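Chemist: Compact mmCIF, C-alpha atoms, saved as data13.txt, coming up:
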# COMPACT_ATOMS: atom_id res chain seq x y z
CA MET A 1 0.00 0.00 0.00
CA LYS A 2 2.90 2.38 0.70
CA ILE A 3 4.05 1.88 -2.87
CA LEU A 4 0.60 2.70 -4.23
CA LEU A 5 0.31 5.86 -2.14
CA THR A 6 3.75 6.96 -3.26
CA ILE A 7 2.68 6.58 -6.86
CA LEU A 8 -0.45 8.61 -6.23
CA LEU A 9 1.35 11.35 -4.32
CA PHE A 10 4.19 11.79 -6.78
CA PRO A 11 2.09 13.78 -9.29
CA LEU A 12 1.64 16.47 -6.64
CA LEU A 13 5.07 17.77 -7.57
CA ALA A 14 3.36 19.61 -10.42
CA LEU A 15 1.14 21.49 -8.00
CA GLY A 16 4.11 23.32 -6.57
CA GLN A 17 6.02 23.81 -9.81
CA THR A 18 7.77 27.19 -9.86
CA THR A 19 10.06 26.97 -12.91
CA ALA A 20 9.08 28.35 -16.28
CA PRO A 21 7.53 25.82 -18.70
CA LYS A 22 9.93 24.08 -21.07
CA ASP A 23 9.89 24.56 -24.83
CA SER A 24 7.93 22.03 -26.85
CA THR A 25 9.08 20.31 -29.99
CA VAL A 26 5.76 20.96 -31.79
CA PRO A 27 5.34 24.37 -33.50
CA LEU A 28 2.38 26.54 -32.52
CA GLY A 29 -0.53 26.28 -34.94
CA THR A 30 0.13 22.63 -35.73
CA VAL A 31 -3.07 20.62 -36.04
CA ILE A 32 -2.78 17.14 -34.54
CA GLY A 33 -5.61 14.79 -33.74
CA ASN A 34 -8.29 17.34 -34.69
CA GLN A 35 -6.75 19.76 -32.16
CA THR A 36 -4.53 22.81 -32.62
CA VAL A 37 -1.39 23.65 -30.65
CA ILE A 38 -1.78 27.06 -28.97
CA PRO A 39 0.16 29.04 -26.35
CA VAL A 40 -1.34 29.55 -22.89
CA PRO A 41 0.00 31.48 -19.91
CA VAL A 42 0.70 29.55 -16.71
CA TYR A 43 2.72 32.28 -15.00
CA PRO A 44 2.56 36.09 -14.89
CA SER A 45 3.38 38.19 -17.92
CA GLY A 46 7.03 37.96 -18.91
CA TYR A 47 7.40 34.19 -18.46
CA THR A 48 7.49 31.71 -21.33
CA MET A 49 4.01 30.49 -22.19
CA ALA A 50 3.14 26.82 -22.08
CA GLN A 51 1.39 24.89 -24.82
CA ALA A 52 -2.11 23.46 -25.00
CA LEU A 53 -4.30 21.63 -27.46
CA ILE A 54 -7.55 23.32 -28.41
CA TYR A 55 -10.53 21.68 -30.05
CA TYR A 56 -12.73 24.12 -31.94
CA PRO A 57 -16.39 23.21 -32.58
CA ASP A 58 -16.87 22.50 -36.28
CA ASP A 59 -18.88 25.70 -36.79
CA TYR A 60 -16.60 28.00 -34.74
CA PHE A 61 -15.09 29.76 -37.77
CA GLN A 62 -18.26 30.09 -39.82
CA ALA A 63 -19.03 33.72 -40.66
CA LYS A 64 -22.58 33.47 -39.33
CA ASN A 65 -21.18 32.50 -35.92
CA ALA A 66 -18.67 35.34 -35.66
CA SER A 67 -20.26 36.54 -32.40
CA LYS A 68 -21.40 33.17 -31.07
CA ARG A 69 -19.93 31.98 -27.77
CA TYR A 70 -19.31 28.38 -26.74
CA PRO A 71 -19.06 26.62 -23.38
CA LEU A 72 -15.52 25.69 -22.33
CA TYR A 73 -14.07 22.45 -20.94
CA VAL A 74 -10.48 22.59 -19.62
CA PHE A 75 -8.95 19.09 -19.51
CA LEU A 76 -6.04 18.32 -17.15
CA HIS A 77 -3.99 15.26 -18.17
CA GLY A 78 -2.50 12.69 -15.81
CA ALA A 79 1.12 12.25 -14.73
CA GLY A 80 1.71 9.80 -17.57
CA GLU A 81 1.08 12.58 -20.12
CA GLY A 82 3.44 15.07 -18.46
CA THR A 83 6.74 13.30 -19.01
CA LYS A 84 7.95 14.59 -22.39
CA LEU A 85 8.40 17.82 -24.30
CA ASN A 86 6.22 16.70 -27.19
CA ILE A 87 2.60 17.75 -26.62
CA THR A 88 1.33 14.79 -28.61
CA GLU A 89 1.54 12.71 -25.42
CA VAL A 90 -1.57 14.58 -24.15
CA MET A 91 -3.56 12.54 -26.68
CA ASN A 92 -2.54 9.21 -25.15
CA THR A 93 -5.84 8.76 -23.32
CA SER A 94 -9.19 10.19 -22.23
CA LEU A 95 -10.80 13.24 -23.79
CA PRO A 96 -7.97 14.40 -26.14
CA TYR A 97 -7.62 10.77 -27.28
CA LEU A 98 -11.33 10.51 -28.01
CA ILE A 99 -11.32 13.81 -29.94
CA LYS A 100 -8.35 12.56 -31.98
CA ASN A 101 -10.49 9.58 -32.91
CA GLY A 102 -13.49 11.60 -34.05
CA LEU A 103 -15.41 12.69 -30.92
CA LYS A 104 -17.14 16.05 -31.32
CA PRO A 105 -18.25 17.08 -27.82
CA TYR A 106 -21.77 18.46 -27.73
CA GLY A 107 -24.95 18.36 -25.69
CA ILE A 108 -28.61 19.12 -26.38
CA ASP A 109 -30.40 21.92 -24.60
CA PRO A 110 -33.47 20.11 -23.20
CA VAL A 111 -35.51 23.32 -23.27
CA THR A 112 -34.78 24.64 -26.77
CA GLY A 113 -33.53 21.47 -28.46
CA ASP A 114 -30.45 23.40 -29.68
CA THR A 115 -27.13 21.61 -30.15
CA ILE A 116 -24.55 22.93 -27.65
CA LYS A 117 -20.98 22.48 -28.88
CA TYR A 118 -17.96 22.78 -26.59
CA ILE A 119 -14.50 24.27 -26.88
CA VAL A 120 -11.97 21.90 -25.26
CA VAL A 121 -8.55 23.14 -24.12
CA SER A 122 -5.94 20.67 -22.80
CA PRO A 123 -2.82 22.34 -21.30
CA HIS A 124 0.42 20.35 -21.45
CA CYS A 125 2.59 20.33 -18.35
CA ALA A 126 5.76 19.31 -20.19
CA GLN A 127 8.22 17.15 -18.23
CA CYS A 128 6.63 18.14 -14.88
CA GLY A 129 5.55 14.64 -13.88
CA GLY A 130 2.03 15.81 -13.15
CA SER A 131 -0.39 18.43 -14.44
CA TYR A 132 -1.14 22.10 -14.01
CA SER A 133 -3.22 23.23 -11.02
CA PHE A 134 -4.61 26.36 -9.43
CA PRO A 135 -1.34 28.39 -9.32
CA GLN A 136 -1.03 28.04 -13.12
CA LEU A 137 -4.68 27.85 -14.18
CA LYS A 138 -5.49 31.15 -12.48
CA TYR A 139 -3.56 32.69 -15.40
CA THR A 140 -4.69 30.24 -18.09
CA ILE A 141 -8.47 30.37 -17.73
CA PRO A 142 -8.91 34.18 -17.68
CA TYR A 143 -6.71 34.28 -20.79
CA LEU A 144 -9.00 31.80 -22.54
CA PHE A 145 -11.98 34.03 -21.74
CA THR A 146 -10.40 36.89 -23.67
CA ALA A 147 -8.60 34.98 -26.45
CA TYR A 148 -11.56 32.81 -27.51
CA ARG A 149 -15.33 33.16 -27.72
CA VAL A 150 -16.14 31.47 -24.43
CA ASP A 151 -19.62 31.39 -22.95
CA THR A 152 -18.55 32.18 -19.40
CA SER A 153 -21.81 30.87 -17.96
CA CYS A 154 -20.59 27.32 -18.66
CA VAL A 155 -16.94 26.72 -17.78
CA TRP A 156 -15.83 23.30 -16.52
CA VAL A 157 -12.47 21.95 -15.38
CA GLY A 158 -11.85 18.19 -15.31
CA GLY A 159 -9.01 15.75 -15.30
CA LEU A 160 -7.78 12.26 -14.51
CA SER A 161 -5.49 10.92 -11.79
CA SER A 162 -2.97 13.69 -11.14
CA GLY A 163 -5.17 15.94 -13.27
CA GLY A 164 -8.11 14.96 -11.07
CA SER A 165 -6.17 16.11 -8.03
CA CYS A 166 -5.35 19.36 -9.79
CA THR A 167 -9.03 19.71 -10.70
CA TRP A 168 -9.84 19.90 -6.98
CA SER A 169 -7.13 22.52 -6.55
CA THR A 170 -8.95 24.88 -8.89
CA VAL A 171 -11.55 25.45 -6.17
CA MET A 172 -9.41 24.69 -3.11
CA GLY A 173 -6.22 26.60 -3.87
CA TYR A 174 -2.74 25.37 -3.10
CA ALA A 175 0.31 26.47 -1.10
CA ASN A 176 -1.52 29.26 0.74
CA SER A 177 -3.18 30.47 -2.45
CA PRO A 178 -6.86 30.17 -1.52
CA SER A 179 -8.76 30.10 -4.78
CA ALA A 180 -12.13 30.88 -3.20
CA LEU A 181 -10.87 34.39 -2.50
CA ASP A 182 -10.09 35.03 -6.16
CA THR A 183 -12.86 37.30 -7.44
CA PHE A 184 -12.44 36.55 -11.16
CA TYR A 185 -11.15 33.03 -11.63
CA THR A 186 -12.99 30.80 -9.16
CA LYS A 187 -16.35 32.55 -9.28
CA ARG A 188 -16.45 32.03 -13.05
CA ILE A 189 -16.02 28.23 -12.90
CA THR A 190 -19.37 26.48 -13.27
CA GLY A 191 -18.17 23.08 -12.11
CA ILE A 192 -15.45 20.46 -11.90
CA MET A 193 -15.15 16.85 -13.08
CA PRO A 194 -12.47 15.01 -11.04
CA MET A 195 -11.81 11.49 -12.34
CA ALA A 196 -9.94 8.86 -10.34
CA ASN A 197 -8.09 11.58 -8.48
CA GLY A 198 -5.34 10.57 -6.07
CA GLY A 199 -2.90 12.39 -3.87
CA TYR A 200 -4.80 15.56 -3.08
CA ASP A 201 -6.80 14.00 -0.27
CA LEU A 202 -4.61 15.43 2.45
CA ALA A 203 -5.91 18.89 1.51
CA LEU A 204 -9.13 18.01 3.31
CA ASN A 205 -7.13 18.23 6.53
CA ASN A 206 -6.05 21.77 5.70
CA SER A 207 -8.57 24.20 7.15
CA ILE A 208 -7.85 26.92 4.57
CA ASN A 209 -8.31 24.67 1.55
CA ARG A 210 -11.29 22.92 3.08
CA GLY A 211 -12.91 26.28 3.79
CA ASN A 212 -12.34 27.29 0.17
CA LEU A 213 -14.11 24.15 -1.04
CA ASP A 214 -17.04 24.79 1.27
CA THR A 215 -17.26 28.40 0.07
CA THR A 216 -17.33 27.46 -3.62
CA ASP A 217 -19.97 24.82 -2.88
CA ARG A 218 -22.20 27.40 -1.25
CA ARG A 219 -21.69 29.70 -4.25
CA GLY A 220 -23.20 27.02 -6.48
CA LEU A 221 -20.23 25.00 -7.70
CA GLY A 222 -21.20 21.94 -9.75
CA CYS A 223 -19.36 18.64 -9.44
CA LEU A 224 -19.47 15.44 -11.53
CA TYR A 225 -17.24 12.84 -9.90
CA VAL A 226 -16.26 9.42 -11.31
CA ILE A 227 -14.00 6.70 -9.89
CA GLY A 228 -13.59 2.93 -10.10
CA ASP A 229 -14.31 0.76 -7.10
CA GLN A 230 -10.95 -0.99 -7.64
CA ASP A 231 -9.04 2.30 -7.61
CA PRO A 232 -6.63 2.78 -4.67
CA GLY A 233 -8.21 6.21 -4.15
CA TYR A 234 -11.57 4.58 -3.47
CA ASN A 235 -11.12 4.60 0.29
CA ALA A 236 -12.02 6.47 3.46
CA ILE A 237 -9.54 9.31 2.85
CA GLY A 238 -10.15 9.44 -0.89
CA PHE A 239 -13.46 9.30 -2.69
CA PHE A 240 -15.59 9.00 0.44
CA ALA A 241 -14.00 12.01 2.11
CA TYR A 242 -14.75 14.18 -0.91
CA GLN A 243 -18.22 12.72 -1.25
CA ALA A 244 -19.07 13.62 2.34
CA GLU A 245 -17.67 17.13 1.94
CA MET A 246 -19.57 17.83 -1.26
CA LYS A 247 -22.87 16.47 0.02
CA LYS A 248 -22.56 18.65 3.10
CA TYR A 249 -22.31 22.00 1.35
CA CYS A 250 -23.23 21.57 -2.33
CA GLN A 251 -26.56 23.07 -3.31
CA PRO A 252 -29.27 20.61 -4.38
CA GLY A 253 -28.74 19.27 -7.90
CA ARG A 254 -25.13 20.48 -8.05
CA TYR A 255 -23.25 17.30 -7.04
CA PHE A 256 -23.34 13.86 -8.70
CA ASP A 257 -20.92 10.96 -8.36
CA SER A 258 -20.59 7.67 -10.23
CA VAL A 259 -18.63 4.61 -9.15
CA ILE A 260 -17.60 2.32 -12.02
CA ILE A 261 -17.96 -1.27 -10.79
CA GLY A 262 -14.77 -3.12 -11.66
CA GLY A 263 -13.12 0.13 -12.71
CA THR A 264 -9.43 0.51 -11.98
CA HIS A 265 -7.03 3.43 -12.10
CA SER A 266 -7.11 3.40 -15.89
CA ALA A 267 -8.90 4.37 -19.09
CA ASN A 268 -11.89 2.19 -18.23
CA VAL A 269 -12.82 4.97 -15.80
CA TRP A 270 -11.49 8.20 -17.28
CA ASN A 271 -12.64 7.58 -20.86
CA THR A 272 -16.23 6.79 -19.88
CA PRO A 273 -17.75 10.23 -19.18
CA PHE A 274 -17.14 11.73 -22.61
CA PRO A 275 -18.80 9.63 -25.36
CA LEU A 276 -22.10 11.13 -26.48
CA SER A 277 -23.91 7.96 -25.41
CA ALA A 278 -22.53 8.05 -21.86
CA ARG A 279 -25.13 8.25 -19.08
CA LEU A 280 -23.07 8.23 -15.88
CA TRP A 281 -24.94 10.78 -13.78
CA SER A 282 -28.30 10.92 -15.49
CA LYS A 283 -30.53 8.42 -17.26
CA THR A 284 -31.55 11.02 -19.83
CA MET A 285 -28.51 13.30 -20.29
CA ASN A 286 -24.92 12.70 -21.31
CA SER A 287 -22.15 14.62 -19.56
CA TRP A 288 -22.13 17.48 -22.07
CA THR A 289 -25.87 18.06 -21.78
CA GLN A 290 -25.70 17.82 -18.00
CA MET A 291 -22.89 20.37 -17.79
CA TRP A 292 -24.95 22.73 -19.94
CA VAL A 293 -28.05 22.25 -17.78
CA MET A 294 -25.98 23.01 -14.68
CA ARG A 295 -24.45 26.13 -16.24
CA LYS A 296 -26.61 28.69 -14.43
CA ARG A 297 -25.21 29.26 -10.99
CA ALA A 298 -27.67 28.70 -8.18
CA GLN A 299 -28.30 31.50 -5.75
CA ALA A 300 -25.65 31.67 -3.08
CA VAL A 301 -26.96 30.44 0.25
CA LEU A 302 -26.64 33.31 2.70
CA PRO A 303 -27.02 32.93 6.46
CA PRO A 304 -30.38 34.20 7.73
CA PRO A 305 -30.35 37.62 9.41
CA MET A 306 -30.04 37.59 13.17
CA HIS A 307 -33.36 39.44 13.44
CA THR A 308 -36.15 39.83 10.93
CA GLU A 309 -38.19 42.98 11.34
CA PRO A 310 -41.96 42.35 10.98
CA GLN A 311 -43.50 44.24 8.11
CA VAL A 312 -45.31 47.38 9.20
CA LYS A 313 -48.82 48.21 7.98
CA ALA A 314 -50.25 51.72 8.05
CA ILE A 315 -53.89 51.67 9.20
CA LEU A 316 -56.08 54.65 10.19
CA ALA A 317 -59.25 54.15 12.20
CA VAL A 318 -61.33 55.53 9.31
CA ASP A 319 -60.65 56.11 5.63
CA SER A 320 -63.00 59.09 5.38
CA GLN A 321 -64.98 61.33 7.71
CA THR A 322 -67.53 64.13 7.36
CA ILE A 323 -68.07 66.97 9.86
CA HIS A 324 -70.10 70.19 9.99
CA TYR A 325 -68.44 73.55 9.75
CA THR A 326 -69.46 74.41 13.30
CA THR A 327 -66.90 71.73 14.35
CA THR A 328 -63.53 73.17 13.37
CA TRP A 329 -61.38 70.34 14.73
CA ILE A 330 -61.23 66.54 14.52
CA THR A 331 -59.17 63.68 16.02
CA LEU A 332 -57.69 60.95 13.76
CA THR A 333 -56.56 57.64 15.29
CA ASP A 334 -53.56 55.57 14.09
CA ASN A 335 -54.16 51.80 14.33
CA SER A 336 -51.00 50.79 12.40
CA LEU A 337 -49.35 47.39 12.96
CA ASN A 338 -45.71 46.72 13.89
CA SER A 339 -44.79 50.38 14.09
CA VAL A 340 -43.68 52.74 16.80
CA GLY A 341 -45.76 55.64 15.52
CA GLY A 342 -45.84 57.68 12.35
CA SER A 343 -45.48 61.15 10.91
CA TRP A 344 -48.56 63.09 9.80
CA ASP A 345 -48.73 65.40 6.81
CA ILE A 346 -51.23 67.42 4.77
CA LYS A 347 -51.72 66.23 1.20
CA GLN A 348 -54.69 68.38 0.10
CA ILE A 349 -56.60 71.42 1.42
CA PRO A 350 -59.58 73.32 -0.05
CA LYS A 351 -58.62 75.95 -2.60
CA GLY A 352 -57.85 79.28 -0.93
CA ALA A 353 -58.17 77.83 2.57
CA PRO A 354 -55.51 78.40 5.23
CA ALA A 355 -53.40 75.38 6.23
CA PRO A 356 -54.91 73.53 9.20
CA ILE A 357 -52.94 72.79 12.33
CA ILE A 358 -51.85 69.22 13.14
CA THR A 359 -51.20 68.49 16.79
CA SER A 360 -49.89 64.98 17.58
CA ARG A 361 -51.16 63.41 20.74
CA GLY A 362 -48.73 60.70 21.68
CA THR A 363 -47.84 58.46 18.76
CA ARG A 364 -51.22 57.04 17.90
CA ALA A 365 -53.44 60.05 17.24
CA ALA A 366 -53.45 63.57 15.82
CA ILE A 367 -55.75 66.59 16.35
CA LEU A 368 -56.58 68.59 13.22
CA SER A 369 -57.83 72.11 13.85
CA GLY A 370 -58.60 75.25 11.88
CA LEU A 371 -60.80 73.45 9.37
CA VAL A 372 -63.05 75.34 6.96
CA PRO A 373 -65.66 74.02 4.52
CA GLY A 374 -64.18 71.87 1.77
CA THR A 375 -62.26 68.61 1.33
CA TYR A 376 -58.97 67.75 3.05
CA VAL A 377 -56.67 64.74 2.62
CA PHE A 378 -54.30 63.85 5.44
CA GLY A 379 -51.61 61.16 5.37
CA ILE A 380 -49.56 59.11 7.82
CA THR A 381 -46.28 57.30 7.20
CA VAL A 382 -45.19 54.62 9.65
CA SER A 383 -41.89 52.72 9.98
CA GLY A 384 -40.24 50.04 12.10
CA ASP A 385 -38.19 50.59 15.21
CA GLY A 386 -34.94 51.34 13.38
CA ASN A 387 -32.98 48.53 15.03
CA THR A 388 -32.34 46.40 11.94
CA PRO A 389 -31.06 46.98 8.39
CA THR A 390 -34.45 46.04 7.00
CA ASP A 391 -35.97 49.18 8.54
CA MET A 392 -34.57 51.23 5.67
CA TRP A 393 -37.42 49.88 3.53
CA ASN A 394 -39.81 48.73 6.27
CA VAL A 395 -42.32 51.60 5.87
CA ASP A 396 -45.93 52.03 4.84
CA SER A 397 -48.42 54.91 4.44
CA ALA A 398 -52.16 55.53 4.50
CA THR A 399 -54.50 58.49 3.89
CA VAL A 400 -57.87 59.76 5.17
CA THR A 401 -60.30 62.17 3.51
CA VAL A 402 -62.06 64.75 5.74
CA THR A 403 -65.02 66.62 4.29
CA VAL A 404 -66.20 69.77 6.10
CA ILE A 405 -69.78 70.75 5.31
CA GLY A 406 -70.40 74.52 5.49
CA PRO A 407 -73.32 76.27 7.40
CA PRO A 408 -76.80 76.22 5.74
CA ALA A 409 -77.36 79.08 3.29
CA CYS A 410 -79.58 82.01 4.43
CA PRO A 411 -83.11 81.78 2.88
CA LEU A 412 -83.92 84.28 0.14
CA PRO A 413 -86.30 87.10 1.03
CA ARG A 414 -89.91 86.27 0.28
CA LYS A 415 -91.92 88.61 -1.84
CA VAL A 416 -95.11 89.78 -0.11
CA VAL A 417 -98.10 91.24 -1.82
CA SER A 418 -99.10 93.72 0.91
CA LEU A 419 -98.39 94.86 4.39
CA HIS A 420 -101.00 95.89 6.99
CA ILE A 421 -100.13 98.91 9.10
CA PRO A 422 -102.22 100.93 11.58
CA TRP A 423 -103.54 104.18 10.23
CA PHE A 424 -105.40 106.54 12.57
CA GLY A 425 -107.03 103.70 14.41
CA ALA A 426 -107.55 101.49 11.41
CA TRP A 427 -105.52 98.91 9.53
CA ILE A 428 -104.74 99.56 5.95
CA GLU A 429 -103.07 97.37 3.35
CA ILE A 430 -100.01 98.79 1.52
CA PRO A 431 -98.41 97.04 -1.48
CA VAL A 432 -94.69 96.30 -0.80
CA ASP A 433 -91.77 94.35 -2.35
CA ALA A 434 -89.95 92.56 0.50
CA ALA A 435 -86.93 91.87 -1.75
CA LYS A 436 -86.28 95.57 -1.90
CA ILE A 437 -86.57 96.30 1.78
CA GLY A 438 -85.00 93.02 3.07
CA TYR A 439 -88.14 92.12 4.99
CA ASP A 440 -89.50 88.61 5.46
CA ASP A 441 -93.03 88.13 6.63
CA GLY A 442 -92.14 84.74 8.04
CA THR A 443 -94.38 82.74 5.77
CA THR A 444 -93.25 79.78 3.74
CA ASN A 445 -94.87 80.89 0.50
Can you present the structure in this file as structure tokens?

Modeler:
Amino acid sequence: MKILLTILLFPLLALGQTTAPKDSTVPLGTVIGNQTVIPVPVYPSGYTMAQALIYYPDDYFQAKNASKRYPLYVFLHGAGEGTKLNITEVMNTSLPYLIKNGLKPYGIDPVTGDTIKYIVVSPHCAQCGGSYSFPQLKYTIPYLFTAYRVDTSCVWVGGLSSGGSCTWSTVMGYANSPSALDTFYTKRITGIMPMANGGYDLALNNSINRGNLDTTDRRGLGCLYVIGDQDPGYNAIGFFAYQAEMKKYCQPGRYFDSVIIGGTHSANVWNTPFPLSARLWSKTMNSWTQMWVMRKRAQAVLPPPMHTEPQVKAILAVDSQTIHYTTTWITLTDNSLNSVGGSWDIKQIPKGAPAPIITSRGTRAAILSGLVPGTYVFGITVSGDGNTPTDMWNVDSATVTVTVIGPPACPLPRKVVSLHIPWFGAWIEIPVDAAKIGYDDGTTN
């Protein structure tokens, strides 16, 4: 067992690689196995760039697709493909091997029925005895976003063996480089596909790296994990440790694993996810379709606030009220819920009328005085107690209409036909127009 663990741990040397990448023997632009040799940065500007193979979808260069963007899969090879200078060794197995033999990676959008074709980039860690990991990929992946038409809503990183270990590093960091704190690189990765990984398990005992993994899970990281049950990494500190960690913090529908019965640490495990007929994690979707379906990041799970302010509701005792002009004041009552009192204001007064006076009585009532005939509208705005952040929007308002009826109009003078007055001991009748003299005989005619 010590020999097996030594073999699995040896590829970790690549994770801490600090020397510049070595020159390759294959010129840039060479097309081999349906893939093109391209330069990719693995260190800051000024260092020699490494090489990678890129697979372009067959319609990438069509004029009608000049602005079309494609999902991206970054493939990390195993230690066995990082031993030489010649990049052709990357095609020895797994995804680059399958593409060399005719695979065109695509999925089907189950909603629209559209064909979703992938860009595949496979960096070559020449003569490093492993594969690239977070310290290098934090330069590579942002570069791919700008150099190629990448749909950044669907970006996956996967790899086998040593590359599977390095796949975990993309969201866990390495050597005190916590990837979860990187605001551009890690947040843009949709998911990871570790395959038969070995040798990175000890990172679960590192609180910084473990915290990074938990953080990316909460952010909505997707994970498709595959391993053989005969693999040395299929043990308590390997597959099962990662499985427990992912199930603890991954959001629902964002983590799937598949154990290949009889699978060993070989191609019978790390070739299986990629054929278009493969159904490892779903009975209806192959890996490419499933990665596309998982592309939209789930909402980050935030801790609940320590205190939730109840929603206030502005309620006045009456919505409208009518009074006679002889009453020049009125009391309005505030029956609002979940508030500590409100502020009163005048929204409408009769045309030409003086502004009434509002006198608050405590916090639950107001006296309105100085009212004249006409229609008034008064309002109240209530809010919470101001003790929580939610109070900045925890407000409500209500209005009441007050109608003041004026005094009854004076009756018009009645017209009388005659008036009887005494005249030297007798009563005589004199014609008279009451409208002219402002006299009312008191009759109702």

Chemist: Restricting the calculation to all atoms listed in the file, which member of A:Tyr185, A:Tyr234, A:Trp329, A:Trp168 is positioned closest to Ile367 (chain A)?

Modeler: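 Of the candidates, the smallest distance to Ile367 (chain A) is held by A:Trp329.
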
Chemist: CA of Ser67 (chain A) and CA of Leu53 (chain A), how far apart in Å?

Modeler: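 Distance reported for this atom pair: 22.4 Å.
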
Chemist: Do a neighbour search on Ser287 (chain A) at 8 Å with all atoms listed in the file, toss out local chain neighbours closer than 3 positions, and write the hits as a ChimeraX atom specification.

Modeler: /A:107,273-274,276,278-281,290-291

Chemist: Using only C-alpha atoms, can you tell me which of A:Ala366, A:Phe75, A:Leu181, A:Val400 comes closest to Val155 (chain A)?

Modeler: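 Once distances to Val155 (chain A) are computed over only C-alpha atoms, the minimum belongs to A:Phe75.
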
Chemist: Point out the residue among A:Gln62, A:Thr83, A:Thr264, A:Thr48 with the least atom-to-atom distance to Ser161 (chain A), counting only C-alpha atoms.

Modeler: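 Selected residue with least distance to Ser161 (chain A): A:Thr264.
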
Chemist: In Å, how far is it from CA of Leu98 (chain A) to CA of Lys64 (chain A)?

Modeler: 28.0 Å

Chemist: Please determine the residues with any atom at most 10 Å from (-3.5, 10.8, -22.5) (coordinates as given in the file, with only C-alpha atoms counting) and report them as a list in words.

Modeler: Leu76, His77, Gly78, Ala79, Gly80, Glu81, Gly82, Thr88, Glu89, Val90, Met91, Asn92, Thr93, Ser94, Leu95, Pro96, Tyr97, Leu98, Leu160, Ala267, Trp270 and Asn271 of chain A

Chemist: Could you dump the residues just selected with C-alpha atoms as a PDB file, keeping the file's coordinate frame?

Modeler:
ATOM      1  CA  LEU A  76      -6.040  18.320 -17.150  1.00  0.00           C
ATOM      2  CA  HIS A  77      -3.990  15.260 -18.170  1.00  0.00           C
ATOM      3  CA  GLY A  78      -2.500  12.690 -15.810  1.00  0.00           C
ATOM      4  CA  ALA A  79       1.120  12.250 -14.730  1.00  0.00           C
ATOM      5  CA  GLY A  80       1.710   9.800 -17.570  1.00  0.00           C
ATOM      6  CA  GLU A  81       1.080  12.580 -20.120  1.00  0.00           C
ATOM      7  CA  GLY A  82       3.440  15.070 -18.460  1.00  0.00           C
ATOM      8  CA  THR A  88       1.330  14.790 -28.610  1.00  0.00           C
ATOM      9  CA  GLU A  89       1.540  12.710 -25.420  1.00  0.00           C
ATOM     10  CA  VAL A  90      -1.570  14.580 -24.150  1.00  0.00           C
ATOM     11  CA  MET A  91      -3.560  12.540 -26.680  1.00  0.00           C
ATOM     12  CA  ASN A  92      -2.540   9.210 -25.150  1.00  0.00           C
ATOM     13  CA  THR A  93      -5.840   8.760 -23.320  1.00  0.00           C
ATOM     14  CA  SER A  94      -9.190  10.190 -22.230  1.00  0.00           C
ATOM     15  CA  LEU A  95     -10.800  13.240 -23.790  1.00  0.00           C
ATOM     16  CA  PRO A  96      -7.970  14.400 -26.140  1.00  0.00           C
ATOM     17  CA  TYR A  97      -7.620  10.770 -27.280  1.00  0.00           C
ATOM     18  CA  LEU A  98     -11.330  10.510 -28.010  1.00  0.00           C
ATOM     19  CA  LEU A 160      -7.780  12.260 -14.510  1.00  0.00           C
ATOM     20  CA  ALA A 267      -8.900   4.370 -19.090  1.00  0.00           C
ATOM     21  CA  TRP A 270     -11.490   8.200 -17.280  1.00  0.00           C
ATOM     22  CA  ASN A 271     -12.640   7.580 -20.860  1.00  0.00           C
TER      23      ASN A 271
END

Chemist: Suppose you want the space between CA of Met246 (chain A) and CA of Ser179 (chain A); what is it in Å?

Modeler: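 Result for CA of Met246 (chain A) versus CA of Ser179 (chain A): 16.7 Å, one decimal.
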
Chemist: Is there a way to get, as a list in words, all residues within 7 Å of the point (-64.3, 69.6, 7.3) in file coordinates, counting only C-alpha atoms?

Modeler: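 Taken together, the residues in range are Thr322, Ile323, His324, Tyr325, Leu371, Val372, Pro373, Gly374, Thr375, Val402, Thr403, Val404 and Ile405 of chain A.
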
Chemist: With only C-alpha atoms as the basis for distance, which of A:Arg218, A:Pro105, A:Gly164, A:Ile260 is at the shortest distance from Ser277 (chain A)?

Modeler: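 Checking each candidate against Ser277 (chain A), we get A:Pro105 as the closest.
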
Chemist: Given only C-alpha atoms as the basis, pick out the residue of A:Phe184, A:Tyr225, A:Phe378, A:Phe134 nearest to Gln243 (chain A).

Modeler: A:Tyr225

Chemist: Using all atoms listed in the file, which residue out of A:Gly220, A:Gly262, A:Pro110, A:Gly228 lies closest to Met285 (chain A)?

Modeler: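 Of the candidates, the smallest distance to Met285 (chain A) is held by A:Pro110.
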
Chemist: As number ranges by chain, please: the residues near Phe145 (chain A) (cut-off 12 Å, all atoms listed in the file, same-chain neighbours under 6 positions excluded).

Modeler: A: 40, 69-74, 119, 121, 138-139, 151-155, 184-185, 188-189

Chemist: May I have the residues within 9 Å of Asn212 (chain A) as a PyMOL selection string, using only C-alpha atoms and disregarding those fewer than 4 positions away in the same chain?

Modeler: chain A and resi 171-173+178-181+207-208+216-217

Chemist: Tell me which protein, DNA and RNA residues are within 7 Å of Lys84 (chain A), counting all atoms listed in the file, leaving out same-chain ones fewer than 2 positions away, and put them as JSON, numbers by chain.

Modeler: {"A": [82, 86, 126, 127]}

Chemist: At a cut-off of 7 Å, using all atoms listed in the file, what residues contact region 330-347 of chain A? Leave out same-chain residues fewer than 5 positions from it and give the result as a PyMOL selection string.

Modeler: chain A and resi 310-317+363-369+377-385
